[in-house]
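The structure under discussion appears below in the form of structure tokens.
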Amino acid sequence: QVQLVESGGGLVQAGGSLRLSCAASRNILSIKTMGWYRQAPGKQRELVATITSGGSTSYADSVKGRFTVSRDNAKTTVFLQMNSLKPEDTAVYYCNIKRAYGPDYWGQGTQVTVSS
């Protein structure tokens, strides 16, 4: 069973930065995309950013220009650099891996809290 282990969440003031990391417990074949979702209290889970195996990225409009997603293919690890954080970025952030076949893998979630 593959596990995705996330780290890097925490409490930060508005305007600050955090870097999230997510590492798979073993190599995963046929990855299409790796990325991050988030879920704020009382809201649906939403896509934040994804990156393909070829390095193409996609971002939610609300984080463009502030967040950067990257990956280390050799280590099956994905990162999310979050700069200029805002209180509305407060949420539980989940790592996600989509494969060419089979169900997605999800991390356990890491809390990000941005104080005003």
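Every chain in the structure tokens has a letter given in the order shown (A, B, ...), and although residue numbers restart at 1 in each chain, ligands are simply numbered from 1 in the order shown.
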
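If you count only C-alpha atoms and ignore residues fewer than 3 places along the chain from Ala74 in chain A, what sits within 10 Å of it is Asn27, Arg71 and Thr77 of chain A.
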
Write the residues you've just listed into a file as an mmCIF file, in the first residue's frame, and include N, CA and C atoms for each of them.
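Output saved as result-v1.cif:
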data_model
loop_
_atom_site.group_PDB
_atom_site.id
_atom_site.type_symbol
_atom_site.label_atom_id
_atom_site.label_comp_id
_atom_site.auth_asym_id
_atom_site.auth_seq_id
_atom_site.Cartn_x
_atom_site.Cartn_y
_atom_site.Cartn_z
ATOM 1 N N ASN A 27 8.104 3.794 -5.068
ATOM 2 C CA ASN A 27 7.972 4.256 -6.439
ATOM 3 C C ASN A 27 6.572 3.928 -6.981
ATOM 4 N N ARG A 71 8.482 19.061 -8.664
ATOM 5 C CA ARG A 71 8.536 17.648 -8.322
ATOM 6 C C ARG A 71 9.924 17.092 -8.528
ATOM 7 N N THR A 77 8.410 12.740 -5.276
ATOM 8 C CA THR A 77 8.134 13.787 -4.289
ATOM 9 C C THR A 77 7.627 15.026 -5.004
#

Practice task
Just the residues within 7 Å of Trp106 in chain A, please, counting only C-alpha atoms, with nothing from its chain fewer than 5 positions along; format it as a ChimeraX atom specification.
Solution key: /A:4,94-97

Just write the chosen residues, N, CA and C atoms, as a short mmCIF file (atom, residue, chain, number, x, y, z; two decimals), in the first residue's frame.
data_model
loop_
_atom_site.label_atom_id
_atom_site.label_comp_id
_atom_site.auth_asym_id
_atom_site.auth_seq_id
_atom_site.Cartn_x
_atom_site.Cartn_y
_atom_site.Cartn_z
N LEU A 4 1.37 8.51 1.10
CA LEU A 4 1.91 9.83 0.77
C LEU A 4 2.08 10.58 2.09
N TYR A 94 -3.85 18.87 0.78
CA TYR A 94 -3.72 17.45 0.51
C TYR A 94 -2.87 17.22 -0.74
N CYS A 95 -1.94 16.33 -0.62
CA CYS A 95 -1.14 15.89 -1.76
C CYS A 95 -1.95 14.88 -2.57
N ASN A 96 -1.79 14.90 -3.89
CA ASN A 96 -2.54 14.00 -4.77
C ASN A 96 -1.65 13.47 -5.88
N ILE A 97 -1.80 12.20 -6.20
CA ILE A 97 -1.13 11.60 -7.35
C ILE A 97 -2.18 10.91 -8.21
#

Practice task
Skip Cys22 in chain A itself and residues of its chain fewer than 6 positions away, then list as an MDAnalysis selection string all residues within 12 Å of it, counting only C-alpha atoms.
Solution key: chainID A and resid 3:9 34:36 69:73 75:81 93:97 105:110

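Of note, CA of Lys43 in chain A and CA of Tyr59 in chain A are spaced 18.6 Å apart.
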
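Distance check against Pro87 in chain A using only C-alpha atoms: of A:Thr68, A:Ser115, A:Thr33, A:Ser56, the minimum falls on A:Ser115.
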
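If only C-alpha atoms are the atoms counted, then among A:Thr113, A:Gln39, A:Ser21, A:Gln44 the closest residue to Thr90 in chain A is A:Thr113.
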
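Counting from CA of Ser84 in chain A, the distance to CA of Gly65 in chain A is 9.3 Å.
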
Completion exercise
Computed gap from CA of Ser58 in chain A to CA of Asp89 in chain A is 17.3 Å
